[in-house]
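Structure record follows, encoded as structure tokens.
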Amino acid sequence: MLIDLGAGQNRLGGSVLAQVYNQLGSSVPDVDEAAKLASFFDITQTLNAEGKLLAYHDRSDGGLFAALVEMSFASHLGLDVELSGLVQDQATLAAALFNEELGAVVQVDNADLDYVLAAFASEGVLASVVATLNTSDRINFHYKGAVVLGNSRVDWQRVWSETSYRIQALRDNPESAQQEFDSLLDAADPGLHSRLTFDINDDVAADIVASATTKPKIAVLREQGVNGHVEMAAAFLQAGFAPFDVHMSDILSGRVSLDGFQGLVACGGFSYGDVLGAGEGWAKSILFNPVAREQFSRFFARTDTFALGVCNGCQMLSNLRELIPGTEHWPRFVRNESAQFEARLVQVEVQRSNSVLFTGMEGSSMPIVVAHGEGQTEYRQSGDIDQLRENSQIALQYVDNYGAATERYPFNPNGSQAGVTGLTSEDGRVTIMMPHPERVYRTVQHSWHPADWAEQAPWLRLFQNARKWLG
């Protein structure tokens, strides 16, 4: 449905269409009736609260055409658009499609159509049906029974994306840009998915937390430039831990000792601005300082402790291999193959590994956030990855939307070999991963999630596993 606050005026001044033809136009969209704008807002909020709106797109950035095709691109569904009710003659079709008057396009269920139309009509807001879904995966614009404009959704989306692709190919790694552009050719791409091998609503640590008289202490470790410590502390707190903010200066000065902690987590961010390489400056502040080196060596040698490194913390721990038993085949992490910082929602699969944090999650595939510029694995010897696989030390792999391990961009955002993005020590007590589980441990933190997820998202299980392992 088109909710038209321009009341059919179709003014083109200042529009993208005018700019494309190097024009300004003489008549521009405006708020002609402020009361109707307020009514539109109130009605939309009410309908949304009632669950009557399935989707929404503003019209005033590209016009009706942009709103409809972008909704189709997001859903991978075709549309049949009927323009006969919007214009008096075919000569004004472009104005109807590309004016940027105030308004919106909303999607509603057929059963709610009359209810929604009546809601807007009651306040004098013009609303009309402009499109219906089709199963042909085509976007066709009809006028008086004839198709005046039409193409496959894939072809339209390639046209829509081509400018971005051309810029990306010049600015970034052109091979990565081509891979992302070519991924649009897959009309059957199922998109993100969730396939879980465990019940996300089952708190495996609940009985332990309920019966405990004290909470185990975990050091939430950070260095200058690290910024992921608050979310990390919140996730461990939710799982029954007592998190403590521990800065590297606390350890170097002797104010804090790791001896009093059962867990350690190195958080994400940009230690030293990454000017010394991915987490390497942070690692060297430990390796080259006798006090810190002794603290960490003693912590990793204890059999009653666990450690997690995420993003920058993953990079840092990977450079502490000489202090962490059973990590001699771990890689270091270098610049993303795309040559850009990558911040996106990607799909990963939990592998069968020794990691105490992924117990019971093996085989699960689900979305997770990544945010890094240096996440590509680099091994010292060619056989390292095979040895890690043989030792059950590979914990996470990037997978495509069909669930297959991949090195293709953007499904694999950094180009890591075999999609490996999470590893563990041989005894499973130390786990490193580039993605951010602490940023998606609640369902509301996901930009997409299955409708049946409740408060707890799958990634909270990682933190609950840590609590259960400690007992």
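Convention: chains lettered A, B, ... in structure tokens order; per-chain residue numbering from 1; ligands numbered from 1 as shown.
Backbone DSSP assigns strand (DSSP E) in range 196-237 of chain A to Lys217, Ile218, Ala219, Val220, Leu221 and Arg222 of chain A.
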Write out the residues from the selection above, keeping C-alpha atoms, as a PDB file, in the first residue's frame.
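Dumped to result_14.pdb:
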```pdb
ATOM      1  CA  LYS A 217      35.534 -14.265  39.210  1.00  0.00           C
ATOM      2  CA  ILE A 218      36.382 -13.523  35.593  1.00  0.00           C
ATOM      3  CA  ALA A 219      38.889 -10.879  34.525  1.00  0.00           C
ATOM      4  CA  VAL A 220      37.491  -8.803  31.655  1.00  0.00           C
ATOM      5  CA  LEU A 221      40.840  -7.800  30.214  1.00  0.00           C
ATOM      6  CA  ARG A 222      41.453  -4.707  28.148  1.00  0.00           C
TER       7      ARG A 222
END
```
Can you pull out the residues contacting range 356-370 of chain A? Cut-off 7 Å, using only C-alpha atoms, and skip same-chain residues under 3 positions away; I want them as a VMD selection string. chain A and resid 192 to 198 342 to 352 428 to 429 434 to 437 440 462 to 463 465 to 466 469
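Between Asp259 in chain A and the candidates A:Ala283, A:Phe236, A:Glu374, A:Gln295, the tightest atom-to-atom separation, counting only C-alpha atoms, involves A:Gln295.
For Lys215 in chain A, the residues within 9 Å (counting only C-alpha atoms, excluding itself and residues fewer than 4 positions away along the chain) are Val209, Gly240, Phe241 and Ala242 of chain A.
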Which residues of range 35-91 of chain A come within 12 Å of range 17-25 of chain A, and what is each one's closest atom pair and distance in Å (one decimal), counting only C-alpha atoms, sorted by chain and residue number, as a Markdown table?
```
| residue | atom | partner | partner_atom | distance |
| --- | --- | --- | --- | --- |
| A:Asp61 | CA | A:Leu17 | CA | 10.6 |
| A:Gly62 | CA | A:Leu17 | CA | 7.8 |
| A:Gly63 | CA | A:Leu17 | CA | 9.0 |
| A:Leu64 | CA | A:Leu17 | CA | 11.8 |
| A:Phe65 | CA | A:Leu17 | CA | 10.8 |
| A:Ala66 | CA | A:Leu17 | CA | 10.9 |
```
Might you pull out every residue within 12 Å of range 53-55 of chain A, with only C-alpha atoms counted and same-chain residues fewer than 2 positions away left off, and present them as a PyMOL selection string? chain A and resi 1+43-51+57-58+67-68+70-72+74-75+104-113+115-117
Spatial neighbours of Asn312 in chain A, max dist 12 Å, only C-alpha atoms, sep filter under 6 positions, as a ChimeraX atom specification: /A:221-229,265-274,277-283,318-319,332-334,370-375,432-436
Shell of 12 Å around Ser136 in chain A, only C-alpha atoms, local chain residues under 5 positions omitted, as a VMD selection string: chain A and resid 76 to 80 150 to 154 187 to 188
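Across the structure, CA of Thr305 in chain A and CA of Phe261 in chain A are spaced 7.8 Å apart.
Once Val444 in chain A and its same-chain neighbours fewer than 6 positions away are set aside, Glu455, Gln456 and Ala457 of chain A remain within 9 Å of it when counting only C-alpha atoms.
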Since we have the selection now, will you write its residues out, keeping all heavy atoms, as a compact mmCIF listing (two decimals), in the first residue's frame?
```
# COMPACT_ATOMS: atom_id res chain seq x y z
N GLU A 455 13.80 -14.39 24.66
CA GLU A 455 14.80 -13.43 25.15
C GLU A 455 16.22 -13.90 24.88
O GLU A 455 17.09 -13.15 24.47
CB GLU A 455 14.59 -13.23 26.66
CG GLU A 455 15.79 -12.66 27.41
CD GLU A 455 16.16 -11.24 27.01
OE1 GLU A 455 15.30 -10.55 26.44
OE2 GLU A 455 17.31 -10.82 27.25
N GLN A 456 16.47 -15.19 25.10
CA GLN A 456 17.83 -15.73 25.03
C GLN A 456 18.19 -16.13 23.61
O GLN A 456 17.48 -16.91 22.98
CB GLN A 456 17.92 -16.93 25.97
CG GLN A 456 19.27 -17.60 26.04
CD GLN A 456 19.31 -18.67 27.12
OE1 GLN A 456 18.88 -18.42 28.23
NE2 GLN A 456 19.80 -19.85 26.77
N ALA A 457 19.29 -15.58 23.08
CA ALA A 457 19.80 -15.97 21.76
C ALA A 457 20.79 -17.13 21.92
O ALA A 457 21.31 -17.37 23.01
CB ALA A 457 20.46 -14.78 21.08
```
May I ask which of the residues A:Tyr402, A:Gln381, A:Leu308, A:Arg467 is the closest one to Gly422 in chain A, counting only C-alpha atoms? A:Leu308
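The space between CA of Ser164 in chain A and CA of Phe411 in chain A spans 17.8 Å.
When DSSP is run on the backbone, the residues of range 309-377 of chain A that fall into alpha helix (DSSP H) are A:Asn312, A:Gly313, A:Cys314, A:Gln315, A:Met316, A:Leu317, A:Ser318.
Checking A:Pro410, A:Gly191, A:Gly403, A:Gly263 one by one against Leu470 in chain A, counting only C-alpha atoms, you find the shortest gap at A:Gly263.
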